[in-house]
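Novice: Below you'll find protein_15.csv; it's CSV, C-alpha atoms.
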chain,number,residue,atom,x,y,z
U,588,MET,CA,2.1,15.2,24.6
U,589,THR,CA,5.4,14.6,26.3
U,590,THR,CA,8.9,14.0,24.8
U,591,ASP,CA,8.8,10.5,26.4
U,592,ARG,CA,5.8,9.5,24.3
U,593,ASP,CA,7.3,11.0,21.2
U,594,PHE,CA,10.5,9.1,21.8
U,595,ASP,CA,8.3,5.9,21.9
U,596,ARG,CA,7.0,6.9,18.5
U,597,ILE,CA,10.5,7.4,17.0
U,598,ALA,CA,11.7,4.1,18.5
U,599,ALA,CA,8.6,2.2,17.2
U,600,ALA,CA,9.3,3.5,13.7
U,601,TRP,CA,12.8,2.2,13.8
U,602,LEU,CA,11.8,-1.2,15.2
U,603,ASP,CA,9.0,-1.8,12.7
U,604,LEU,CA,8.8,-0.1,9.2
U,605,MET,CA,5.1,-0.2,8.7
U,606,PRO,CA,3.1,0.9,5.6
U,607,ASP,CA,2.2,4.6,5.6
U,608,LYS,CA,-1.4,4.0,4.5
U,609,ALA,CA,-4.2,1.9,6.0
U,610,PRO,CA,-7.3,0.5,4.3
U,611,ASP,CA,-10.2,2.9,4.0
U,612,ARG,CA,-12.2,0.8,6.6
U,613,VAL,CA,-9.4,1.3,9.1
U,614,VAL,CA,-9.2,5.0,8.4
U,615,GLU,CA,-13.0,5.4,8.9
U,616,ASP,CA,-12.8,3.6,12.2
U,617,VAL,CA,-10.0,5.8,13.4
U,618,LEU,CA,-11.8,9.0,12.4
U,619,GLU,CA,-14.9,7.9,14.3
U,620,ASP,CA,-12.8,7.0,17.4
U,621,VAL,CA,-11.0,10.3,17.4
U,622,ALA,CA,-14.2,12.2,17.0
U,623,LEU,CA,-15.6,10.4,20.1
U,624,THR,CA,-12.5,10.5,22.3
U,625,PRO,CA,-10.1,13.2,21.0
U,626,GLN,CA,-7.7,12.9,23.9
U,627,VAL,CA,-6.9,9.2,23.1
U,628,ARG,CA,-4.0,8.5,20.7
U,629,ARG,CA,-5.2,6.4,17.7
U,630,PRO,CA,-3.5,4.6,14.7
U,631,LEU,CA,-2.7,7.1,12.0
U,632,VAL,CA,-2.8,10.0,14.5
U,633,ARG,CA,0.7,11.6,14.7
U,634,LEU,CA,1.4,14.2,17.4
U,635,PRO,CA,4.7,16.1,17.4
U,636,TRP,CA,6.4,16.5,20.7
U,637,THR,CA,5.8,19.8,22.6
U,638,SER,CA,8.7,22.0,23.5
U,639,PRO,CA,8.9,24.7,26.1
U,640,ARG,CA,8.8,27.2,23.2
U,641,THR,CA,5.6,26.1,21.7
U,642,ASP,CA,2.3,24.3,22.3
U,643,HIS,CA,1.2,23.3,18.8
U,644,ARG,CA,-0.5,20.0,18.1
U,645,MET,CA,-1.5,17.9,15.1
U,646,LEU,CA,-4.5,15.6,15.0
U,647,ILE,CA,-6.7,14.0,12.4
U,648,ALA,CA,-10.5,13.8,12.7
U,649,ALA,CA,-13.6,13.8,10.5
U,650,THR,CA,-14.9,17.1,11.8
U,651,VAL,CA,-12.2,18.4,14.2
U,652,LEU,CA,-9.3,20.0,12.4
U,653,LEU,CA,-6.0,19.7,14.2
U,654,GLY,CA,-2.4,21.0,13.8
U,655,ALA,CA,1.4,20.8,14.2
U,656,ALA,CA,4.1,22.5,16.2
U,657,LEU,CA,6.0,25.0,14.0
U,658,LEU,CA,8.9,26.9,15.5
U,659,GLY,CA,12.2,28.0,14.1
U,660,GLY,CA,14.6,31.0,13.9
U,661,ALA,CA,16.3,33.2,11.3
U,662,VAL,CA,18.3,31.4,8.6
U,663,LEU,CA,20.8,32.3,5.9
U,664,LEU,CA,20.1,30.1,2.9
U,665,GLY,CA,22.1,29.1,-0.2
U,666,GLY,CA,21.6,27.7,-3.7
U,667,GLY,CA,22.7,24.7,-5.7
U,668,THR,CA,22.6,22.8,-8.9
U,669,ARG,CA,20.0,20.3,-10.2
U,670,PRO,CA,21.3,16.9,-11.0
U,671,SER,CA,20.3,14.7,-14.0
U,672,PRO,CA,18.3,11.4,-13.7
U,673,VAL,CA,19.9,8.3,-12.3
U,674,PRO,CA,21.0,5.8,-15.0
U,675,VAL,CA,19.1,2.6,-14.7
U,676,PRO,CA,21.1,-0.5,-15.7
U,677,THR,CA,19.1,-3.4,-17.3
U,678,ALA,CA,21.8,-6.0,-17.5
U,679,VAL,CA,23.4,-7.9,-14.6
U,680,PRO,CA,27.2,-7.7,-14.8
U,681,SER,CA,28.8,-11.1,-15.7
U,682,ALA,CA,32.4,-10.6,-14.5
U,683,THR,CA,31.6,-10.3,-10.8
U,684,PRO,CA,33.4,-13.0,-8.7
U,685,ALA,CA,31.2,-15.8,-7.5
U,686,VAL,CA,30.1,-16.0,-3.9
U,687,THR,CA,29.1,-19.2,-2.1
U,688,THR,CA,25.5,-18.9,-0.8
U,689,THR,CA,22.9,-21.0,1.0
U,690,ALA,CA,19.1,-21.4,0.8
U,691,THR,CA,18.7,-19.5,4.1
U,692,PRO,CA,19.6,-15.9,5.1
U,693,ALA,CA,23.2,-15.4,6.1
U,694,SER,CA,23.8,-15.3,9.8
U,695,LEU,CA,25.5,-11.9,9.9
U,696,ASP,CA,23.2,-8.8,10.0
U,697,THR,CA,23.5,-6.2,7.3
U,698,PRO,CA,25.4,-3.1,8.3
U,699,ALA,CA,23.5,-0.1,9.6
U,700,ASP,CA,24.4,2.1,6.7
U,701,LEU,CA,22.4,-0.1,4.3
U,702,ARG,CA,19.2,0.1,6.5
U,703,GLY,CA,16.4,2.5,5.9
U,704,SER,CA,14.8,3.7,2.6
U,705,TRP,CA,16.4,4.2,-0.8
U,706,LEU,CA,14.9,5.7,-4.0
U,707,ALA,CA,15.6,4.9,-7.7
U,708,ALA,CA,13.9,5.6,-11.0
U,709,SER,CA,11.3,3.0,-11.9
U,710,PRO,CA,12.8,0.3,-14.1
U,711,GLU,CA,11.3,-1.1,-17.2
U,712,GLU,CA,10.0,-4.2,-15.6
U,713,PRO,CA,6.4,-5.3,-16.4
U,714,ALA,CA,6.3,-7.8,-13.5
U,715,LEU,CA,6.9,-5.0,-11.0
U,716,GLY,CA,3.7,-3.2,-11.9
U,717,ALA,CA,5.3,0.2,-11.2
U,718,SER,CA,3.2,3.1,-12.6
U,719,GLY,CA,5.1,6.1,-11.3
U,720,PRO,CA,8.5,7.7,-11.8
U,721,ARG,CA,10.3,6.2,-8.7
U,722,ILE,CA,10.4,3.1,-6.6
U,723,GLU,CA,11.6,2.6,-3.0
U,724,LEU,CA,13.9,0.0,-1.6
U,725,VAL,CA,13.4,-0.5,2.2
U,726,LEU,CA,15.7,-2.5,4.5
U,727,ASP,CA,14.1,-2.5,7.9
U,728,ALA,CA,15.8,-1.4,11.2
U,729,SER,CA,16.8,-5.0,12.0
U,730,GLY,CA,18.6,-5.3,8.7
U,731,ARG,CA,16.9,-8.7,8.1
U,732,ASN,CA,13.9,-7.8,5.9
U,733,LEU,CA,13.9,-6.2,2.5
U,734,VAL,CA,11.0,-5.0,0.3
U,735,VAL,CA,10.5,-2.9,-2.8
U,736,ARG,CA,7.6,-0.4,-2.8
U,737,THR,CA,6.1,0.6,-6.1
U,738,PRO,CA,4.3,3.9,-6.6
U,739,GLY,CA,0.9,2.6,-5.5
U,740,GLY,CA,-1.9,0.1,-6.1
U,741,ALA,CA,-2.4,-3.5,-4.8
U,742,SER,CA,1.2,-4.3,-5.7
U,743,ARG,CA,2.7,-1.5,-3.6
U,744,GLU,CA,5.1,-3.8,-1.7
U,745,VAL,CA,6.8,-6.6,-3.8
U,746,LEU,CA,9.9,-8.7,-3.8
U,747,ALA,CA,9.9,-9.3,0.0
U,748,SER,CA,13.1,-11.0,1.0
U,749,ALA,CA,15.0,-12.0,4.1
U,750,ALA,CA,18.4,-10.4,4.2
U,751,GLY,CA,21.9,-11.1,5.7
U,752,LEU,CA,25.5,-10.9,4.9
U,753,ALA,CA,27.2,-13.6,2.7
U,754,ALA,CA,30.5,-11.6,2.8
U,755,SER,CA,31.7,-8.3,4.2
U,756,ASP,CA,30.5,-6.5,1.0
U,757,VAL,CA,27.8,-9.0,-0.2
U,758,VAL,CA,24.2,-9.2,1.0
U,759,HIS,CA,22.4,-12.5,0.6
U,760,LEU,CA,18.6,-12.5,-0.1
U,761,VAL,CA,16.0,-15.2,0.2
U,762,ALA,CA,12.5,-14.5,-1.3
U,763,THR,CA,9.9,-14.9,1.5
U,764,GLN,CA,6.9,-14.8,-0.9
U,765,GLY,CA,6.2,-15.6,-4.5
U,766,GLY,CA,4.9,-13.2,-7.1
U,767,SER,CA,6.3,-10.4,-9.2
U,768,GLY,CA,8.4,-12.9,-11.1
U,769,CYS,CA,10.0,-14.6,-8.1
U,770,SER,CA,9.3,-17.9,-6.3
U,771,SER,CA,9.4,-18.2,-2.5
U,772,GLY,CA,12.9,-19.4,-1.5
U,773,ASP,CA,14.7,-17.9,-4.5
U,774,THR,CA,18.2,-16.8,-3.4
U,775,GLY,CA,20.3,-13.9,-4.7
U,776,ASP,CA,23.6,-12.2,-3.8
U,777,TYR,CA,24.4,-8.5,-4.3
U,778,ARG,CA,27.7,-6.8,-3.9
U,779,PHE,CA,27.1,-3.4,-2.3
U,780,THR,CA,29.0,-0.1,-1.9
U,781,VAL,CA,27.8,2.9,0.0
U,782,SER,CA,29.1,6.4,-0.7
U,783,PRO,CA,31.3,7.9,2.1
U,784,ASP,CA,28.5,10.4,2.9
U,785,GLY,CA,25.8,7.7,3.0
U,786,GLU,CA,23.8,9.3,0.2
U,787,PHE,CA,24.2,6.6,-2.5
U,788,LEU,CA,23.9,2.8,-2.5
U,789,ARG,CA,25.2,0.8,-5.4
U,790,LEU,CA,23.9,-2.8,-5.7
U,791,THR,CA,25.6,-5.1,-8.3
U,792,ALA,CA,24.1,-8.6,-8.8
U,793,VAL,CA,26.5,-11.5,-8.3
U,794,LYS,CA,23.8,-14.0,-9.1
U,795,ASP,CA,20.1,-14.3,-8.5
U,796,LEU,CA,17.6,-17.1,-9.2
U,797,CYS,CA,14.9,-14.4,-9.7
U,798,ALA,CA,15.7,-12.4,-12.8
U,799,VAL,CA,13.1,-9.8,-12.0
U,800,ARG,CA,14.7,-9.1,-8.6
U,801,ALA,CA,18.1,-8.7,-10.3
U,802,ASN,CA,16.7,-6.3,-12.8
U,803,VAL,CA,15.0,-4.2,-10.1
U,804,LEU,CA,17.8,-4.1,-7.4
U,805,ALA,CA,21.0,-3.9,-9.5
U,806,ARG,CA,21.3,-0.2,-9.8
U,807,THR,CA,22.3,3.0,-7.9
U,808,TRP,CA,19.9,4.1,-5.2
U,809,VAL,CA,19.8,7.4,-3.4
U,810,ARG,CA,19.0,7.8,0.3
U,811,SER,CA,15.3,8.6,1.1
U,812,LEU,CA,14.4,10.6,4.1
U,813,ASN,CA,10.7,9.6,3.8
U,814,GLY,CA,11.2,6.9,6.4
U,815,PRO,CA,13.4,6.1,9.4
U,816,SER,CA,17.0,7.2,8.9
U,817,ASN,CA,20.2,8.2,10.7
U,818,GLY,CA,20.1,11.7,9.2
U,819,GLY,CA,22.7,12.8,6.6
U,820,THR,CA,21.9,13.8,3.0
U,821,GLY,CA,18.9,12.4,1.3
U,822,VAL,CA,15.9,13.1,-0.9
U,823,ILE,CA,12.3,13.9,0.1
U,824,ASP,CA,9.7,12.9,-2.5
U,825,ALA,CA,6.5,13.3,-0.4
U,826,PHE,CA,5.3,15.7,-3.1
U,827,ASP,CA,6.5,17.3,-6.3
U,828,PRO,CA,8.9,18.9,-6.7
U,829,LEU,CA,11.2,16.5,-4.7
U,830,PHE,CA,14.1,18.1,-2.9
U,831,SER,CA,17.3,17.1,-1.1
U,832,VAL,CA,18.4,18.2,2.3
U,833,THR,CA,21.2,17.3,4.8
U,834,LEU,CA,20.1,16.5,8.4
U,835,PRO,CA,22.3,16.2,11.4
U,836,THR,CA,23.1,12.8,12.7
U,837,GLY,CA,20.3,11.2,14.8
U,838,SER,CA,17.5,8.7,14.8
U,839,PHE,CA,14.9,10.4,12.6
U,840,ALA,CA,11.4,9.2,11.8
U,841,ALA,CA,9.1,10.7,9.1
U,842,THR,CA,5.3,11.1,8.8
U,843,THR,CA,3.8,11.9,5.4
U,844,TYR,CA,0.6,13.7,5.0
U,845,THR,CA,-1.2,15.1,1.9
U,846,ASP,CA,1.4,17.2,0.2
U,847,ALA,CA,3.3,17.6,3.5
U,848,ILE,CA,5.9,15.8,5.5
U,849,GLU,CA,7.3,15.9,9.1
U,850,ILE,CA,10.8,14.5,9.8
U,851,GLY,CA,11.9,14.6,13.4
U,852,ARG,CA,14.1,13.1,16.1
U,853,SER,CA,13.4,13.3,19.9
U,854,THR,CA,17.0,13.5,21.2
U,855,PRO,CA,18.1,16.2,20.8
U,856,GLU,CA,14.7,17.5,19.6
U,857,MET,CA,14.6,18.7,16.0
U,858,THR,CA,11.9,18.6,13.3
U,859,LEU,CA,12.0,19.6,9.7
U,860,PHE,CA,8.5,20.3,8.3
U,861,ALA,CA,7.6,20.9,4.6
U,862,VAL,CA,4.2,21.6,3.0
U,863,LYS,CA,3.2,22.4,-0.6
U,864,ASP,CA,0.8,25.3,-1.4
U,865,PRO,CA,-0.5,26.2,2.1
U,866,GLN,CA,-4.1,27.5,2.1
U,867,GLY,CA,-5.9,29.5,4.8
U,868,PHE,CA,-9.2,29.6,6.7
U,869,THR,CA,-11.8,32.3,7.3
U,870,ASP,CA,-12.4,31.9,11.1
U,871,PRO,CA,-9.3,30.6,13.0
U,872,CYS,CA,-11.2,30.6,16.3
U,873,GLN,CA,-13.6,27.9,15.2
U,874,ALA,CA,-12.4,24.3,15.7
U,875,THR,CA,-12.9,23.7,12.0
U,876,GLY,CA,-11.3,27.0,10.9
U,877,GLY,CA,-14.6,28.0,9.2
U,878,SER,CA,-14.3,27.9,5.4
U,879,ARG,CA,-11.2,27.5,3.3
U,880,PHE,CA,-9.5,30.8,2.4
U,881,PRO,CA,-7.8,30.3,-1.0
U,882,ILE,CA,-4.3,31.8,-1.2
U,883,ALA,CA,-2.7,32.6,-4.5
U,884,ARG,CA,0.8,31.3,-5.3
U,885,GLY,CA,3.7,33.2,-3.9
U,886,ALA,CA,5.1,34.4,-0.6
U,887,ASP,CA,3.5,37.8,-0.7
U,888,ALA,CA,0.0,36.3,-1.0
U,889,PHE,CA,0.6,34.2,2.1
U,890,VAL,CA,1.9,37.1,4.1
U,891,ALA,CA,-1.2,39.2,3.0
U,892,TYR,CA,-3.4,36.3,4.3
U,893,PHE,CA,-1.7,36.5,7.7
U,894,ARG,CA,-2.0,40.3,7.9
U,895,GLN,CA,-5.8,40.1,7.6
U,896,LEU,CA,-6.2,36.9,9.7
U,897,LYS,CA,-8.3,37.5,12.7
U,898,ASP,CA,-6.5,37.0,16.1
U,899,PHE,CA,-3.0,36.9,14.6
U,900,THR,CA,-0.3,39.5,14.5
U,901,VAL,CA,2.5,39.6,11.9
U,902,VAL,CA,5.7,40.2,13.8
U,903,SER,CA,8.2,40.4,10.9
U,904,THR,CA,8.9,39.5,7.3
U,905,THR,CA,12.4,39.1,5.9
U,906,GLU,CA,13.5,38.6,2.3
U,907,LEU,CA,16.0,35.9,1.5
U,908,GLU,CA,16.8,33.1,-1.0
U,909,ILE,CA,16.5,29.3,-0.7
U,910,ASP,CA,18.3,27.3,-3.4
U,911,GLY,CA,18.4,30.4,-5.5
U,912,HIS,CA,14.6,31.0,-5.3
U,913,ARG,CA,13.0,34.1,-3.7
U,914,ALA,CA,11.7,33.3,-0.2
U,915,VAL,CA,10.2,35.2,2.7
U,916,HIS,CA,10.7,34.5,6.4
U,917,LEU,CA,7.4,35.2,8.0
U,918,VAL,CA,7.1,35.4,11.8
U,919,ALA,CA,3.5,35.6,13.3
U,920,ASP,CA,2.0,35.4,16.7
U,921,ALA,CA,-1.3,34.0,17.8
U,922,ASN,CA,-2.7,36.8,20.0
U,923,GLY,CA,-2.5,35.8,23.7
U,924,ASP,CA,-5.8,37.5,24.7
U,925,VAL,CA,-8.0,35.2,22.5
U,926,SER,CA,-10.3,32.6,24.0
U,927,CYS,CA,-11.5,30.0,21.5
U,928,PRO,CA,-13.8,27.1,22.3
U,929,ALA,CA,-11.3,24.5,21.1
U,930,GLY,CA,-8.3,26.2,22.8
U,931,TRP,CA,-6.5,26.9,19.6
U,932,LEU,CA,-6.4,29.0,16.4
U,933,VAL,CA,-6.5,27.2,13.1
U,934,GLU,CA,-3.8,28.5,10.7
U,935,TRP,CA,-3.6,26.7,7.4
U,936,GLN,CA,-3.5,23.3,5.5
U,937,ALA,CA,-2.1,22.0,2.2
U,938,LYS,CA,-4.1,22.9,-0.9
U,939,ALA,CA,-4.5,19.3,-1.8
U,940,GLU,CA,-5.7,18.2,1.7
U,941,THR,CA,-9.2,16.9,1.7
U,942,GLY,CA,-9.2,14.6,4.8
U,943,GLY,CA,-9.6,17.3,7.5
U,944,LEU,CA,-5.9,17.8,8.5
U,945,SER,CA,-5.1,21.3,9.4
U,946,PHE,CA,-2.5,23.2,11.6
U,947,HIS,CA,-3.1,25.5,14.5
U,948,LEU,CA,-1.4,27.5,17.2
U,949,SER,CA,-2.3,28.0,20.8
U,950,PRO,CA,-3.0,31.6,21.9
U,951,GLY,CA,0.3,33.4,22.8
U,952,ASP,CA,2.5,31.1,20.7
U,953,ARG,CA,4.7,32.2,17.8
U,954,ASP,CA,5.0,30.6,14.3
U,955,THR,CA,8.0,31.0,12.0
U,956,MET,CA,7.6,30.1,8.4
U,957,TYR,CA,9.8,30.2,5.3
U,958,LEU,CA,7.8,30.6,2.0
U,959,VAL,CA,9.7,29.6,-1.1
U,960,GLU,CA,8.6,30.7,-4.5
U,961,LEU,CA,9.0,28.1,-7.2
U,962,PRO,CA,7.7,28.5,-10.8
U,963,THR,CA,4.5,26.5,-10.3
U,964,THR,CA,4.1,26.2,-6.5
U,965,THR,CA,4.9,27.7,-3.1
U,966,ILE,CA,6.7,25.5,-0.5
U,967,MET,CA,6.7,26.2,3.2
U,968,LEU,CA,9.7,25.0,5.2
U,969,GLN,CA,10.2,25.0,8.9
U,970,VAL,CA,12.8,23.8,11.4
U,971,TYR,CA,12.0,23.8,15.1
U,972,GLY,CA,12.9,22.2,18.4
U,973,SER,CA,13.4,23.3,22.0
U,974,THR,CA,17.2,23.3,21.7
U,975,ILE,CA,17.5,24.4,18.1
U,976,SER,CA,19.7,27.5,17.6
U,977,THR,CA,19.8,29.9,14.6
U,978,ALA,CA,23.0,28.2,13.5
U,979,ASP,CA,21.3,24.8,13.6
U,980,GLU,CA,18.5,26.1,11.4
U,981,GLN,CA,21.0,27.6,9.0
U,982,ALA,CA,22.9,24.3,8.8
U,983,VAL,CA,19.8,22.5,7.6
U,984,LEU,CA,17.9,25.0,5.4
U,985,SER,CA,21.0,26.1,3.6
U,986,THR,CA,21.3,22.5,2.2
U,987,VAL,CA,17.9,22.4,0.6
U,988,HIS,CA,18.0,21.8,-3.2
U,989,PHE,CA,14.8,21.4,-5.3
U,990,LEU,CA,15.3,18.7,-7.9
U,991,ASP,CA,13.9,17.9,-11.3
U,992,ALA,CA,15.1,14.3,-11.0
U,993,LEU,CA,16.9,12.1,-8.5
U,994,PRO,CA,20.6,13.0,-8.0
U,995,THR,CA,23.3,10.9,-9.5
U,996,ALA,CA,26.3,9.5,-7.6
U,997,PRO,CA,29.6,11.5,-8.2
Can you give me the file's structure in the form of structure tokens?

Specialist:
Amino acid sequence: MTTDRDFDRIAAAWLDLMPDKAPDRVVEDVLEDVALTPQVRRPLVRLPWTSPRTDHRMLIAATVLLGAALLGGAVLLGGGTRPSPVPVPTAVPSATPAVTTTATPASLDTPADLRGSWLAASPEEPALGASGPRIELVLDASGRNLVVRTPGGASREVLASAAGLAASDVVHLVATQGGSGCSSGDTGDYRFTVSPDGEFLRLTAVKDLCAVRANVLARTWVRSLNGPSNGGTGVIDAFDPLFSVTLPTGSFAATTYTDAIEIGRSTPEMTLFAVKDPQGFTDPCQATGGSRFPIARGADAFVAYFRQLKDFTVVSTTELEIDGHRAVHLVADANGDVSCPAGWLVEWQAKAETGGLSFHLSPGDRDTMYLVELPTTTIMLQVYGSTISTADEQAVLSTVHFLDALPTAP
């Protein structure tokens, strides 16, 4: 892979927010194609960019297990508090000044700080069909298309609407499809405020012909980093527990895997990677890694796994804390004198992963991992990039806060 092609991936994610899952038929076709032509990039195959400091790769296949670049440096990490749940309003304010609207989207684009993904607690709205604790509001990179994503099922995307500005602080919506309590063409207006740091979005209904949309949208939302973003502070809920983190400014795109997430930008290169309960393999020199090697919860168990792992050398382990929790910084090398048929050494995968996704290292490369001990799980965090310094890593990882619920606006 080259950084040019990875820039294309980032740009494409900004230009078109696509669903993060495909139908089973499509997935099966992709897996068959990749197995037959592993060098060709296919849908759902995400390859992180390669830096001069590492040659890791990530691929998905039915029988070939593939991996991800993982490189970072030493960090000094801090703690934080856990906020309470976001209040969910059920009534539309009645004292908001009226705004003149039309049956078509307003001509002015929505501002950039509204675009991207936002999270909120699922409302009590039967028409929405939500079955999980959170919903997602997505305004695409053009600022002209809005959709609400429920936690899953056939109704995952609902309330699709065209968007534009009716006033400097009012977004005008026109439903582009019926269903979920709305009729196609229903208009609505929402006054918006974004917190100075960009973390929170408050929508207040001025008026809406679709009562369901008003009940769903009129609330406080918190920035999600699960999709395209401009960085800043946001929440990651790719797995439980969710956590918040502050990224530097830049055009970031995210790829979600089973109990893992990769959030990266190409210019300047930087990636944050997180995985829940990493598990090992018995034979890293095989393309499939051999059999699964169960790893008990806790940083020490993961370090012990690497110490006995064939063809790897543990360079160092350092005790530290992340958000007040014990953590261990593990640095390990893939031995440079190893010659494996596939050209790589398989390292680990998430405990819940069942689709054949794994992570590997090329011989002679180094991996740096931060294992965080939580009461019921182990979280691995990594920050890497060809220009990332120790200070850059500290600036990101010291902002990590594990959460019991979505944070509230101050």

Novice: Given the choices U:Thr974, U:Ser755, U:Ser704, U:Thr858, which gets closest to Leu812 in chain U if the distance is worked out from only C-alpha atoms?

Specialist: U:Ser704

Novice: Quote the spacing between CA of Gly943 in chain U and CA of Thr963 in chain U in Å to one decimal place.

Specialist: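 So the answer is 24.5 Å.
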
Novice: Name the residues, using the chain letters and numbers of the file, that sit within 12 Å of (5.8, 15.4, 0.6) when counting only C-alpha atoms, and give them as a ChimeraX atom specification.

Specialist: /U:811-814,822-831,841-850,859-864,937,939-940,966-968

Novice: What does the distance from CA of Thr774 in chain U to CA of Arg731 in chain U come to in Å, to one decimal?

Specialist: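 Distance between the two atoms: 14.1 Å.
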
Novice: Using all atoms listed in the file, which protein or nucleic acid residues come within 6 Å of Gly819 in chain U? Drop anything in the same chain fewer than 4 positions from it, and give the result as a PyMOL selection string.

Specialist: chain U and resi 833-835

Novice: Please identify all polymer residues within 10 Å of range 764-770 of chain U, counting all atoms listed in the file, omitting same-chain residues fewer than 3 positions from it, and present them as a PyMOL selection string.

Specialist: chain U and resi 712-716+742+745-749+761+773-774+796-800

Novice: Tell me which protein, DNA and RNA residues are within 6 Å of Trp935 in chain U, counting only C-alpha atoms, leaving out same-chain ones fewer than 6 positions away, and put them as a ChimeraX atom specification.

Specialist: /U:866-867,945-946

Novice: So how many Å separate CA of Gly837 in chain U and CA of Leu984 in chain U, to one decimal?

Specialist: 16.9 Å
